[in-house]
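> Provided below: work_2.txt, containing compact mmCIF, C-alpha atoms.
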```txt
# COMPACT_ATOMS: atom_id res chain seq x y z
CA MET A 1 0.00 0.00 0.00
CA ALA A 2 2.81 2.36 0.94
CA ASP A 3 4.66 1.65 -2.31
CA SER A 4 1.50 2.30 -4.26
CA ILE A 5 1.06 5.66 -2.53
CA GLN A 6 4.68 6.59 -3.23
CA GLN A 7 4.31 5.76 -6.92
CA GLN A 8 1.14 7.78 -7.21
CA LEU A 9 2.74 10.73 -5.41
CA GLN A 10 5.74 10.49 -7.75
CA GLN A 11 3.41 10.55 -10.67
CA LEU A 12 1.66 13.62 -9.27
CA VAL A 13 5.05 15.35 -8.89
CA LEU A 14 5.88 14.58 -12.48
CA LEU A 15 2.52 16.03 -13.49
CA SER A 16 3.15 19.14 -11.40
CA ASP A 17 6.57 19.51 -13.04
CA SER A 18 4.93 19.29 -16.41
CA VAL A 19 2.52 22.00 -15.23
CA GLY A 20 5.48 24.19 -14.30
CA LEU A 21 7.09 23.48 -17.67
CA GLY A 22 3.81 23.99 -19.58
CA GLY A 23 3.19 27.47 -18.18
CA VAL A 24 -0.15 29.12 -17.96
CA GLY A 25 -1.27 28.19 -21.48
CA SER A 26 -3.98 25.77 -22.51
CA GLY A 27 -1.60 22.78 -22.23
CA GLY A 28 -0.77 23.66 -18.59
CA VAL A 29 -4.43 23.83 -17.61
CA SER A 30 -5.21 20.36 -19.01
CA THR A 31 -2.24 18.87 -17.12
CA VAL A 32 -3.44 20.37 -13.79
CA GLU A 33 -6.87 18.93 -14.44
CA GLU A 34 -5.33 15.51 -15.06
CA ALA A 35 -3.32 15.76 -11.81
CA MET A 36 -6.44 16.69 -9.87
CA GLU A 37 -8.33 13.84 -11.48
CA GLN A 38 -5.63 11.38 -10.31
CA LEU A 39 -5.32 12.95 -6.82
CA GLY A 40 -9.05 12.64 -6.20
CA PRO A 41 -9.21 8.82 -6.58
CA LEU A 42 -6.02 8.51 -4.50
CA ILE A 43 -7.44 10.43 -1.58
CA HIS A 44 -10.75 8.59 -1.96
CA SER A 45 -9.05 5.19 -1.78
CA VAL A 46 -7.00 6.32 1.25
CA TYR A 47 -10.07 7.37 3.13
CA ARG A 48 -11.93 4.19 2.09
CA ALA A 49 -9.07 2.04 3.41
CA ASN A 50 -8.79 4.26 6.50
CA LYS A 51 -5.12 4.88 5.75
CA GLN A 52 -5.01 8.58 6.37
CA LYS A 53 -2.14 8.42 8.78
CA LEU A 54 -0.15 6.24 6.45
CA PHE A 55 -0.88 8.70 3.58
CA GLN A 56 0.29 11.57 5.73
CA GLN A 57 3.48 9.76 6.58
CA GLN A 58 4.13 8.93 2.97
CA VAL A 59 3.53 12.54 1.93
CA GLU A 60 5.97 13.71 4.62
CA LEU A 61 8.50 11.08 3.56
CA PHE A 62 8.08 12.13 -0.07
CA ALA A 63 8.58 15.73 0.87
CA GLN A 64 11.73 14.88 2.86
CA ARG A 65 13.14 13.00 -0.08
CA LYS A 66 12.47 15.88 -2.37
CA ASP A 67 14.05 18.26 0.13
CA ALA A 68 17.12 16.07 0.15
CA GLU A 69 17.28 16.14 -3.61
CA ILE A 70 16.99 19.93 -3.57
CA MET A 71 19.75 20.22 -0.94
CA LYS A 72 21.96 17.94 -2.98
CA LEU A 73 21.31 19.94 -6.10
CA CYS A 74 22.01 23.25 -4.32
CA GLY A 75 25.17 21.83 -2.75
CA SER A 76 26.59 20.98 -6.15
CA TYR A 77 26.25 24.56 -7.55
CA HIS A 78 26.68 26.59 -4.33
CA GLN A 79 30.36 27.39 -4.81
CA GLU A 80 29.80 28.57 -8.37
CA PHE A 81 26.83 30.63 -7.16
CA VAL A 82 28.92 32.22 -4.42
CA GLN A 83 31.69 33.03 -6.92
CA SER A 84 29.17 34.50 -9.37
CA VAL A 85 27.65 36.60 -6.59
CA ALA A 86 31.13 37.77 -5.56
CA GLN A 87 31.95 38.68 -9.14
CA LEU A 88 28.60 40.37 -9.48
CA LEU A 89 29.29 42.44 -6.36
CA LYS A 90 32.72 43.33 -7.71
CA VAL A 91 31.20 44.32 -11.05
CA ARG A 92 28.63 46.34 -9.14
CA GLN A 93 31.37 48.10 -7.23
CA ASN A 94 33.32 48.76 -10.44
CA THR A 95 30.13 49.95 -12.06
CA SER A 96 29.55 52.37 -9.20
CA GLU A 97 33.10 53.67 -9.46
CA LEU A 98 32.77 53.97 -13.23
CA GLN A 99 29.46 55.77 -12.79
CA GLU A 100 31.10 58.21 -10.38
CA LYS A 101 33.90 58.79 -12.86
CA VAL A 102 31.38 59.29 -15.68
CA VAL A 103 29.46 61.76 -13.56
CA GLY A 104 32.71 63.58 -12.74
CA LEU A 105 33.73 63.65 -16.37
CA ASN A 106 30.30 64.91 -17.31
CA VAL A 107 30.62 67.75 -14.80
CA GLU A 108 34.09 68.60 -16.07
CA LEU A 109 32.85 68.41 -19.68
CA GLN A 110 29.95 70.73 -18.92
CA GLN A 111 32.30 73.18 -17.22
CA SER A 112 34.73 72.98 -20.15
CA GLY A 113 31.87 73.33 -22.62
CA LYS A 114 30.57 76.36 -20.76
CA THR A 115 34.05 77.93 -20.80
CA LEU A 116 34.43 77.07 -24.48
CA TYR A 117 31.00 78.53 -25.22
CA GLU A 118 31.90 81.72 -23.41
CA LYS A 119 35.23 81.94 -25.26
CA LYS A 120 33.50 81.24 -28.57
CA ALA A 121 30.89 83.93 -27.88
CA GLU A 122 33.66 86.34 -26.93
CA LEU A 123 35.57 85.44 -30.10
CA LEU A 124 32.49 86.02 -32.26
CA SER A 125 31.91 89.34 -30.56
CA LEU A 126 35.54 90.33 -31.13
CA ARG A 127 35.35 89.29 -34.78
CA HIS A 128 32.18 91.36 -35.21
CA GLU A 129 33.89 94.32 -33.57
CA HIS A 130 36.95 93.77 -35.76
CA ARG A 131 34.81 93.79 -38.90
CA ASN A 132 33.10 96.97 -37.74
CA ILE A 133 36.44 98.57 -36.95
CA GLN A 134 37.88 97.51 -40.30
CA ALA A 135 34.81 98.83 -42.10
CA ALA A 136 35.15 102.09 -40.19
CA ILE A 137 38.84 102.29 -41.08
CA ASP A 138 38.10 101.64 -44.76
CA THR A 139 35.36 104.26 -44.71
CA VAL A 140 37.59 106.81 -43.02
CA GLN A 141 40.41 106.07 -45.45
CA SER A 142 38.04 106.45 -48.40
CA SER A 143 36.66 109.66 -46.93
CA VAL A 144 40.16 111.00 -46.30
CA GLU A 145 41.13 110.13 -49.86
CA VAL A 146 37.98 111.83 -51.17
CA VAL A 147 38.73 114.97 -49.15
CA ARG A 148 42.34 114.87 -50.35
CA MET A 149 41.22 114.57 -53.97
CA VAL A 150 38.73 117.43 -53.60
CA ALA A 151 41.46 119.61 -52.11
CA SER A 152 43.84 118.49 -54.85
CA PHE A 153 41.19 119.30 -57.47
CA ASP A 154 40.79 122.85 -56.14
CA GLU A 155 44.57 123.29 -56.11
CA LEU A 156 44.92 121.96 -59.65
CA VAL A 157 42.21 124.32 -60.92
CA ALA A 158 43.81 127.23 -59.10
CA THR A 159 47.19 126.44 -60.69
CA LYS A 160 45.57 125.92 -64.12
CA GLN A 161 46.52 122.22 -64.33
CA TYR A 162 43.24 121.40 -66.02
CA TYR A 163 44.19 118.04 -67.52
CA SER A 164 45.17 116.72 -64.09
CA ALA A 165 42.04 118.27 -62.58
CA ILE A 166 39.69 116.52 -65.02
CA LYS A 167 41.52 113.23 -64.42
CA THR A 168 41.19 113.70 -60.66
CA MET A 169 37.47 114.39 -61.02
CA GLY A 170 37.02 111.26 -63.15
CA THR A 171 38.74 109.11 -60.51
CA LEU A 172 36.64 110.73 -57.79
CA LYS A 173 33.35 110.05 -59.59
CA GLU A 174 34.09 106.56 -60.88
CA THR A 175 36.17 105.05 -58.03
CA TYR A 176 35.46 106.79 -54.75
CA MET A 177 31.91 108.10 -55.01
CA PRO A 178 30.36 104.58 -55.15
CA GLN A 179 32.18 103.79 -51.88
CA VAL A 180 31.01 106.83 -49.91
CA ARG A 181 27.65 107.48 -51.57
CA LYS A 182 25.82 105.54 -48.84
CA TYR A 183 27.02 107.99 -46.19
CA ALA A 184 25.62 111.48 -45.62
CA PHE A 185 29.05 112.92 -46.32
CA GLY A 186 29.19 111.12 -49.67
CA ARG A 187 25.71 112.24 -50.68
CA LEU A 188 26.55 115.83 -49.78
CA LEU A 189 29.75 115.60 -51.81
CA GLU A 190 27.87 114.09 -54.76
CA THR A 191 25.59 117.13 -54.88
CA SER A 192 28.67 119.34 -55.16
CA ILE A 193 30.09 117.47 -58.18
CA PRO A 194 28.17 119.63 -60.71
CA LYS A 195 29.53 122.75 -58.99
CA MET A 196 33.05 121.36 -59.26
CA GLU A 197 32.49 120.64 -62.95
CA SER A 198 31.17 124.14 -63.51
CA LYS A 199 34.14 125.56 -61.65
CA LEU A 200 36.56 123.64 -63.86
CA GLN A 201 34.67 124.55 -67.02
CA GLY A 202 34.50 128.19 -65.98
CA ALA A 203 38.21 128.39 -65.22
CA ALA A 204 39.16 126.79 -68.54
CA LEU A 205 36.67 128.99 -70.41
CA SER A 206 38.03 132.09 -68.70
CA ASP A 207 41.55 131.19 -69.82
CA MET A 208 40.28 130.54 -73.33
CA LYS A 209 38.54 133.92 -73.43
CA ASP A 210 41.73 135.59 -72.19
CA TRP A 211 43.52 133.79 -74.99
CA LEU A 212 40.99 135.05 -77.51
CA TYR A 213 41.39 138.58 -76.21
CA GLY A 214 45.18 138.25 -76.40
CA LEU A 215 44.88 137.10 -80.00
CA LYS A 216 43.97 140.64 -81.01
CA LYS A 217 47.62 141.74 -81.12
CA THR A 218 48.76 138.36 -82.44
CA THR A 219 46.28 138.36 -85.29
CA ARG A 220 47.29 141.88 -86.31
CA ASP A 221 50.95 140.81 -86.32
CA ILE A 222 50.03 137.78 -88.41
CA GLY A 223 48.11 139.93 -90.89
CA ARG A 224 50.91 142.48 -91.13
CA HIS A 225 53.50 139.76 -91.66
CA LEU A 226 51.51 138.03 -94.40
CA THR A 227 50.75 141.36 -96.07
CA LEU A 228 54.43 142.33 -96.18
CA ARG A 229 55.34 138.94 -97.56
CA MET A 230 52.66 139.21 -100.23
CA LYS A 231 53.92 142.69 -101.21
CA LYS A 232 57.38 141.19 -101.74
CA LYS A 233 55.78 138.56 -103.94
CA GLN A 234 54.00 141.23 -105.89
CA VAL A 235 57.33 142.94 -106.56
CA MET A 236 58.67 139.65 -107.86
CA TRP A 237 55.61 139.26 -110.03
CA ALA A 238 56.14 142.75 -111.42
CA GLU A 239 59.66 141.83 -112.41
CA ARG A 240 58.30 138.77 -114.23
CA ASP A 241 55.56 140.60 -116.01
CA SER A 242 55.24 144.36 -116.57
CA SER A 243 51.43 144.15 -116.89
CA VAL A 244 50.73 144.78 -113.20
CA LYS A 245 47.31 146.32 -113.85
CA GLU A 246 45.96 143.14 -115.38
CA ARG A 247 47.39 140.98 -112.62
CA TYR A 248 45.18 142.62 -110.02
CA PHE A 249 42.24 140.75 -111.44
CA VAL A 250 43.87 137.55 -112.68
CA SER A 251 44.00 134.45 -110.52
CA SER A 252 47.28 134.29 -108.67
CA ALA A 253 47.41 130.47 -108.57
CA VAL A 254 50.25 130.31 -111.11
CA GLN A 255 52.21 132.96 -109.25
CA PHE A 256 51.82 131.00 -105.99
CA VAL A 257 53.29 127.91 -107.63
CA LEU A 258 56.24 129.88 -108.99
CA ASP A 259 56.88 131.37 -105.54
CA GLU A 260 57.09 128.08 -103.58
CA GLU A 261 60.76 128.68 -102.79
CA PHE A 262 59.89 132.17 -101.57
CA ASP A 263 57.43 130.67 -99.07
CA GLN A 264 60.13 128.68 -97.25
CA ASP A 265 60.44 131.32 -94.51
CA ASP A 266 59.69 130.74 -90.84
CA PRO A 267 56.12 129.45 -90.40
CA ILE A 268 53.69 131.48 -88.32
CA SER A 269 52.86 129.72 -85.07
CA VAL A 270 49.83 130.46 -82.92
CA GLU A 271 49.57 129.03 -79.40
CA MET A 272 46.39 126.93 -79.40
CA MET A 273 46.80 125.22 -76.04
CA PRO A 274 44.07 127.18 -74.18
CA LEU A 275 41.54 126.34 -76.87
CA TYR A 276 42.45 122.65 -77.05
CA GLN A 277 42.50 122.46 -73.27
CA CYS A 278 39.05 123.99 -72.97
CA LEU A 279 37.75 121.74 -75.75
CA HIS A 280 39.11 118.62 -74.01
CA ILE A 281 37.56 119.58 -70.68
CA ASN A 282 34.15 120.26 -72.22
CA GLU A 283 34.30 116.92 -74.05
CA LYS A 284 35.05 115.11 -70.77
CA LEU A 285 32.20 116.94 -69.05
CA GLY A 286 29.78 116.16 -71.89
CA ARG A 287 29.40 119.83 -72.80
CA ARG A 288 31.08 119.88 -76.20
CA ALA A 289 28.00 121.13 -78.09
CA GLU A 290 27.45 123.92 -75.58
CA PHE A 291 31.09 124.99 -75.83
CA ARG A 292 30.98 124.84 -79.63
CA ARG A 293 27.99 127.20 -79.72
CA SER A 294 29.64 129.55 -77.23
CA PHE A 295 32.90 129.60 -79.20
CA THR A 296 31.07 130.29 -82.47
CA GLU A 297 29.24 133.21 -80.88
CA ASP A 298 32.48 134.59 -79.38
CA ARG A 299 34.30 134.43 -82.72
CA SER A 300 31.40 136.07 -84.51
CA ASP A 301 31.39 138.86 -81.91
CA GLN A 302 35.15 139.27 -82.29
CA LEU A 303 34.86 139.61 -86.06
CA SER A 304 32.07 142.15 -85.61
CA LEU A 305 34.29 144.18 -83.27
CA ILE A 306 37.14 144.12 -85.78
CA LEU A 307 34.89 145.32 -88.58
CA ALA A 308 33.23 147.90 -86.35
CA SER A 309 36.47 149.85 -85.93
CA PRO A 310 36.09 153.47 -87.13
CA VAL A 311 37.82 154.10 -90.46
CA GLN A 312 38.19 157.09 -92.78
CA PHE A 313 38.94 157.02 -96.49
CA ALA A 314 41.22 160.02 -96.62
CA LEU A 315 44.80 159.72 -97.81
CA ALA A 316 46.23 160.56 -94.41
CA SER A 317 43.72 158.37 -92.55
CA LEU A 318 43.93 154.98 -94.30
CA GLY A 319 46.07 153.51 -91.50
CA PRO A 320 43.07 152.25 -89.42
CA PHE A 321 41.56 150.60 -92.51
CA GLU A 322 44.87 148.88 -93.26
CA SER A 323 45.05 147.68 -89.64
CA MET A 324 41.50 146.39 -90.01
CA LEU A 325 42.57 144.34 -93.03
CA HIS A 326 45.52 142.99 -91.06
CA ASP A 327 43.17 142.01 -88.22
CA VAL A 328 40.82 140.25 -90.64
CA ILE A 329 43.71 138.34 -92.23
CA GLY A 330 45.05 137.25 -88.85
CA PHE A 331 41.57 136.37 -87.62
CA PHE A 332 40.88 134.01 -90.51
CA ILE A 333 44.38 132.52 -90.45
CA VAL A 334 43.64 131.50 -86.86
CA GLU A 335 40.29 130.10 -88.00
CA HIS A 336 42.05 128.15 -90.73
CA ASN A 337 44.49 126.66 -88.21
CA ILE A 338 41.68 125.69 -85.84
CA MET A 339 39.74 124.08 -88.67
CA ALA A 340 42.82 122.14 -89.82
CA SER A 341 43.73 120.89 -86.32
CA ALA A 342 40.19 120.22 -85.00
CA PRO A 343 37.83 119.62 -87.95
CA ASP A 344 35.25 117.93 -85.71
CA PHE A 345 35.05 121.08 -83.63
CA ARG A 346 35.39 123.81 -86.27
CA SER A 347 34.07 122.72 -89.66
CA LYS A 348 34.80 124.32 -93.02
CA SER A 349 31.17 125.31 -93.36
CA ASP A 350 31.38 127.22 -90.06
CA VAL A 351 34.48 129.10 -91.21
CA ASP A 352 33.07 129.75 -94.69
CA ALA A 353 29.87 131.16 -93.15
CA LEU A 354 31.93 133.46 -90.95
CA TRP A 355 34.08 134.48 -93.93
CA ASP A 356 30.99 135.33 -95.97
CA THR A 357 29.73 137.46 -93.08
CA GLY A 358 33.09 139.24 -92.84
CA ILE A 359 33.27 139.93 -96.57
CA ALA A 360 29.69 141.22 -96.54
CA LYS A 361 30.48 143.66 -93.72
CA LEU A 362 33.76 144.73 -95.34
CA SER A 363 31.97 145.31 -98.63
CA ASP A 364 29.32 147.33 -96.80
CA ILE A 365 32.03 149.56 -95.28
CA ILE A 366 33.54 150.19 -98.70
CA ALA A 367 30.11 150.75 -100.31
CA ARG A 368 29.17 153.36 -97.70
CA ASN A 369 32.33 155.33 -98.55
CA ILE A 370 32.40 154.78 -102.32
CA GLN A 371 31.83 158.45 -103.07
CA ALA A 372 34.88 159.56 -101.09
CA ILE A 373 36.95 156.79 -102.68
CA ARG A 374 36.09 157.78 -106.24
CA GLU A 375 36.57 161.47 -105.65
CA ASP A 376 40.21 161.08 -104.57
CA ALA A 377 42.38 159.27 -107.13
CA GLU A 378 45.24 158.82 -104.67
CA VAL A 379 42.94 157.28 -102.10
CA SER A 380 41.46 155.06 -104.79
CA GLY A 381 44.92 153.90 -105.88
CA VAL A 382 46.15 153.13 -102.33
CA LEU A 383 42.89 151.36 -101.46
CA GLN A 384 43.11 149.28 -104.62
CA GLU A 385 46.63 148.13 -103.69
CA LEU A 386 45.54 147.30 -100.12
CA LEU A 387 42.52 145.29 -101.27
CA THR A 388 44.53 143.51 -103.99
CA THR A 389 47.17 142.40 -101.52
CA PHE A 390 44.39 141.38 -99.12
CA THR A 391 42.70 139.22 -101.75
CA TYR A 392 45.97 137.52 -102.67
CA VAL A 393 46.74 136.69 -99.04
CA MET A 394 43.29 135.24 -98.41
CA GLU A 395 43.25 133.35 -101.70
CA GLU A 396 46.62 131.85 -100.80
CA ASN A 397 44.99 130.49 -97.65
CA ALA A 398 42.08 128.90 -99.54
CA TYR A 399 39.44 131.56 -98.95
CA ASP A 400 36.96 132.50 -101.68
CA VAL A 401 37.60 136.14 -102.73
CA ARG A 402 35.40 136.27 -105.84
CA LYS A 403 32.77 138.55 -104.28
CA LEU A 404 35.44 140.98 -103.11
CA ARG A 405 37.05 141.01 -106.55
CA GLU A 406 33.68 141.69 -108.13
CA LEU A 407 33.27 144.66 -105.81
CA MET A 408 36.79 145.91 -106.70
CA MET A 409 36.02 145.66 -110.40
CA ALA A 410 32.80 147.59 -109.84
CA ILE A 411 34.63 150.37 -108.00
CA PHE A 412 37.93 150.65 -109.78
CA GLU A 413 36.98 149.68 -113.35
CA SER A 414 33.86 151.76 -113.73
```
Show me, as structure tokens, the structure contained in the file I just sent.

Amino acid sequence: MADSIQQQLQQLVLLSDSVGLGGVGSGGVSTVEEAMEQLGPLIHSVYRANKQKLFQQQVELFAQRKDAEIMKLCGSYHQEFVQSVAQLLKVRQNTSELQEKVVGLNVELQQSGKTLYEKKAELLSLRHEHRNIQAAIDTVQSSVEVVRMVASFDELVATKQYYSAIKTMGTLKETYMPQVRKYAFGRLLETSIPKMESKLQGAALSDMKDWLYGLKKTTRDIGRHLTLRMKKKQVMWAERDSSVKERYFVSSAVQFVLDEEFDQDDPISVEMMPLYQCLHINEKLGRRAEFRRSFTEDRSDQLSLILASPVQFALASLGPFESMLHDVIGFFIVEHNIMASAPDFRSKSDVDALWDTGIAKLSDIIARNIQAIREDAEVSGVLQELLTTFTYVMEENAYDVRKLRELMMAIFES
């Protein structure tokens, strides 16, 4: 009976182990039910046979045997368990130390990072300040250079160095103004640029007008020189041909060719620098057309002044008229030189129109005094020689004298 109970209990233990291995799933539940089904008949048979005490003893004996098995099992792995626990405690200690070190390093890293952040922020601030300072330095240097160039411009204009002044103004406008235009100083300076241009133009124009005024003596000297030279040519022509009277009204082109060697004297030079200088400045300032109109008006006024000089057609008073002819010759020689050296500025049509105006006024002067000229044979003869020489000089310099010759024929041949 006792062996039977032990076997059944062992079977129940095996079933309980299978329950532990099966878990809580559906398989585990069916195994528990099977164990309970087997335990019920066992207990029922024990109570039917009145063997409760024996069953209790067998259960206790079974439990003791199982306890012994457990103790044996634990005894076999105890030393390894103790060593594992010791190692685990050591690892735990090392882990704690490592954690402390990590925490310390983290604190140090945060402190270093904070210091680095502060240094970086300070560096960025310094770089920003440096850029501002450098920008301020560049601006000041540009402003100083602008002020220096403005002062240099004024000095150059005052000392009549107009080419350098216009170059300085070009550099100021093209190079430095874009740099300082965004500042109030630059905008104020930009508004003064037209005044500077007008100042330069006015100074150059003033010099040019002084030059024109100074030409009055030069042109008279030129006219006198060319007249004397032409008179020498006329003497040579008279030696070639005794018919002087006819030559007054014959084209002198052949005579000019024959006298090429005679013309190899010193050339007449006229200083044109003030005019060219003023022309260059007005071109650079974009005021060429305005200057051209102004120059044309000035030259027309000058010619009118020359031809407005008071003259008398008496034998003892022909000197002023002769000086007038010298002035006209010199005036148009200068015009011829300007036209030859600057055809884009002074065209042939401009000069021809001015020449036609001069001849018309000269003819009007002679026509108003024609009665006095015809009444005095000596005056008529001297005037004829003066006008003949005048026509030869102007014809030699490519001016059309046909209208003047027609007037001479009308006066002296009638």
> So for range 100-115 of chain A, what box centre and size do we get, axis-aligned, 4 Å extra on each of the six sides, every listed atom, Å to one decimal, as AutoDock Vina command-line options?

```
--center_x 32.1 --center_y 68.1 --center_z -16.5 --size_x 13.3 --size_y 27.7 --size_z 20.2
```
> Find the residues with any atom within 12 Å of (53.7, 141.8, -92.7); use only C-alpha atoms and the coordinates as given in the file, and write the answer as a ChimeraX atom specification.
/A:218-233,268,322-323,325-327,329-330,389-390,393
> Got a sec: who's within 10 Å of range 133-150 of chain A, counting only C-alpha atoms, leaving out chain neighbours fewer than 6 positions off, as a list in words?
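Near range 133-150 of chain A, the qualifying residues are Arg127, Leu156, Ala165, Thr168, Met169, Thr171, Leu172, Lys173, Thr175, Tyr176, Met177, Gln179, Val180, Tyr183, Phe185, Gly186, Leu189, Ile193 and Met196 of chain A.
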> Report the distance between CA of Leu386 in chain A and CA of Gly319 in chain A in Å, rounded to one decimal place.
10.6 Å
> One decimal, in Å: what's the spacing between CA of Asp350 in chain A and CA of Tyr399 in chain A?
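That distance, rounded to one decimal, is 12.8 Å.
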> Identify, on the basis of all atoms listed in the file, every residue whose closest approach to range 300-302 of chain A does not exceed 10 Å; exclude the query and any residue fewer than 5 positions from it along the same chain; express the result as a list in words.
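Within the cut-off, the hits are Leu212, Tyr213, Lys216, Ser294, Phe295, Leu307, Ala308, Phe331, Leu354, Trp355, Thr357 and Gly358 of chain A.
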> Please report the interatomic distance between CA of Ser304 in chain A and CA of Gln201 in chain A in Å with one decimal.
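So the two atoms, CA of Ser304 in chain A and CA of Gln201 in chain A, lie 25.7 Å apart.
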> Find the residue from A:Leu285, A:Ala367, A:Leu362, A:Val382 that sits nearest to Ser317 in chain A; use only C-alpha atoms when measuring.
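Nearest candidate to Ser317 in chain A out of A:Leu285, A:Ala367, A:Leu362, A:Val382: A:Val382.
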> When distances are computed from all atoms listed in the file, which of A:Arg287, A:Leu279, A:Lys361, A:Met409 shows the smallest separation from Leu303 in chain A?
A:Lys361
> Closest to Phe313 in chain A among A:Gln384, A:Ser198, A:Asn397, A:Gln87, using all atoms listed in the file?
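When distances to Phe313 in chain A are compared using all atoms listed in the file, the smallest one comes from A:Gln384.
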> Which of these residues is nearest to Phe321 in chain A, using only C-alpha atoms: A:Asn282, A:Ile365, A:Met339, A:Ser96?
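Counting only C-alpha atoms, the residue closest to Phe321 in chain A is A:Ile365.
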> Restricting the calculation to all atoms listed in the file, which member of A:Arg346, A:Thr391, A:Asp376, A:Ile370 is positioned closest to Ala410 in chain A?
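Closest candidate: A:Ile370.
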